[in-house]
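Asker: The structure under discussion is supplied below as structure tokens; questions concerning it will follow.
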Amino acid sequence: MEETISFKNLHSREYQGHKKKVHSVAWNCAGTKLASGSVDQTARIWHIESQGHGKVKDIELKGHTDSVDQLCWDPKHADLIATASGDKTVRLWDARSGKCSQQVELSGENINITYKPDGTHIAVGNRDDELTILDVRKFKAIHKRKFNYEVNEIAWNTTGDMFFLTTGNGTVEVLSYPSLRAIDTLMAHTAGCYCIAIDPLGRYFAVGSADSLVSLWDIKEMLCVRTFPKLEWPVRTISFNHTGEYIAAASEDLFIDISNVKTGRTVHQIPCRAAMNSVEWNPKYNLLAYAGDDKNKYQADEGVFRIFGFDSV
């Protein structure tokens, strides 16, 4: 039996601080800090203990003049974080001081950002389907490419020699890196592909689609191994846990599905009150951060995120 973990008796905690809804949550490489990016034009850094005890300190990252749509941590440095905003800038911050150390203005409203696994490059996607690759040290664009189709989420494989784009045509475009030469076009879904996640062990990648399915792909063979048909709405966000055993997926359904990657079976569902924008597993523990369009009783944005996986409330 694979099922070693029981998620049944685990709880979620709520973290408040943002004034508007949270678009993105991400853990640092050490699994000790979580960053949240919000429509309120700020990001926040939260120090999270795996047992979840004690009052949580948070630091506000101020400076963006539009929504902070996505953020990602340096995979090699537990205190460096990059944010992408609708204000056309990408900023690099020191999470200890909350100070912005670098910024660059790009040509459009940024919606996607991801680090190369060795921490040397950052890829940024904008609303005009343009991809920019930044050299992290110089913090300058070294490559720009405009695509003539809708580009959604972007990712490197674990070794950094392949680059993936999910598209509005239901395909996943596979490029070699650093040449960005097309290697493959995978006919993945019958509707637009919204999100992609790479298995931390490098065996698979998963794609979430507007057709409400999550597909799992063998990265060596570039073949679809199975699909997860649990959700009924377009899949907005997916994440593998640190062992690669579980995958979390969320949409406008009022639950987050956690499935076993090997069997495809649901092992747990976390109830939620709104459509989800971002789910991400901690890289060391089975703690899942999630954030969405939660509203309070006055129908105003709550500006909260939650973390599931604590033993006690």
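Note on naming: chains are A, B, ... as they come in the structure tokens, residues start from 1 per chain, ligands start from 1 in the order shown.
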Using 12 Å as the limit and counting only C-alpha atoms, can you tabulate each residue of region 58-172 of chain A that touches region 210-224 of chain A, with its shortest atom-to-atom distance in Å and the two atoms involved, as JSON lines?
Answerer:
{"residue": "A:Asn152", "atom": "CA", "partner": "A:Ala210", "partner_atom": "CA", "distance": 11.4}
{"residue": "A:Trp156", "atom": "CA", "partner": "A:Ile219", "partner_atom": "CA", "distance": 11.6}
{"residue": "A:Asn157", "atom": "CA", "partner": "A:Ile219", "partner_atom": "CA", "distance": 8.6}
{"residue": "A:Thr158", "atom": "CA", "partner": "A:Ile219", "partner_atom": "CA", "distance": 10.4}
{"residue": "A:Thr159", "atom": "CA", "partner": "A:Ile219", "partner_atom": "CA", "distance": 11.5}
{"residue": "A:Met162", "atom": "CA", "partner": "A:Ile219", "partner_atom": "CA", "distance": 10.1}
{"residue": "A:Phe163", "atom": "CA", "partner": "A:Ile219", "partner_atom": "CA", "distance": 11.7}
{"residue": "A:Phe164", "atom": "CA", "partner": "A:Ile219", "partner_atom": "CA", "distance": 11.0}
{"residue": "A:Thr166", "atom": "CA", "partner": "A:Ala210", "partner_atom": "CA", "distance": 11.4}
{"residue": "A:Thr167", "atom": "CA", "partner": "A:Ala210", "partner_atom": "CA", "distance": 10.8}
{"residue": "A:Gly168", "atom": "CA", "partner": "A:Ala210", "partner_atom": "CA", "distance": 9.0}
{"residue": "A:Asn169", "atom": "CA", "partner": "A:Ala210", "partner_atom": "CA", "distance": 10.4}
{"residue": "A:Gly170", "atom": "CA", "partner": "A:Ala210", "partner_atom": "CA", "distance": 8.5}
{"residue": "A:Thr171", "atom": "CA", "partner": "A:Ser215", "partner_atom": "CA", "distance": 11.7}
{"residue": "A:Val172", "atom": "CA", "partner": "A:Met222", "partner_atom": "CA", "distance": 10.4}
Asker: What parts of region 92-183 of chain A does DSSP call strand (DSSP E)? I'd like the answer as an MDAnalysis selection string.
Answerer: chainID A and resid 92:94 99:105 110:115 121:126 130:135 140:146 151:156 162:167 171:176 182:183
Asker: Sorted by chain and rising residue number, list the residues of region 172-286 of chain A at most 8 Å from region 26-46 of chain A (counting only C-alpha atoms), each with its closest atom pair and distance in Å to one decimal, as JSON lines.
Answerer:
{"residue": "A:Glu280", "atom": "CA", "partner": "A:Ala26", "partner_atom": "CA", "distance": 6.2}
{"residue": "A:Trp281", "atom": "CA", "partner": "A:Trp27", "partner_atom": "CA", "distance": 7.7}
{"residue": "A:Asn282", "atom": "CA", "partner": "A:Gly31", "partner_atom": "CA", "distance": 5.5}
{"residue": "A:Pro283", "atom": "CA", "partner": "A:Gly31", "partner_atom": "CA", "distance": 5.6}
{"residue": "A:Lys284", "atom": "CA", "partner": "A:Gly31", "partner_atom": "CA", "distance": 5.7}
{"residue": "A:Tyr285", "atom": "CA", "partner": "A:Gly31", "partner_atom": "CA", "distance": 7.4}
Asker: Of the residues A:Asp66, A:Glu49, A:Asp294, A:Glu105, which is the one nearest to Phe139 (chain A), using only C-alpha atoms?
Answerer: A:Glu105
Asker: Please identify all polymer residues within 9 Å of Trp73 (chain A), counting only C-alpha atoms, omitting same-chain residues fewer than 2 positions from it, and present them as a ChimeraX atom specification.
Answerer: /A:26-29,35,71,75-83,114-115
Asker: Give me, as a ChimeraX atom specification, all polymer residues having an atom no more than 8 Å from region 230-240 of chain A, counting only C-alpha atoms and skipping those fewer than 2 positions away in the same chain.
Answerer: /A:194-200,206-214,228,242-253,257,266,276-281
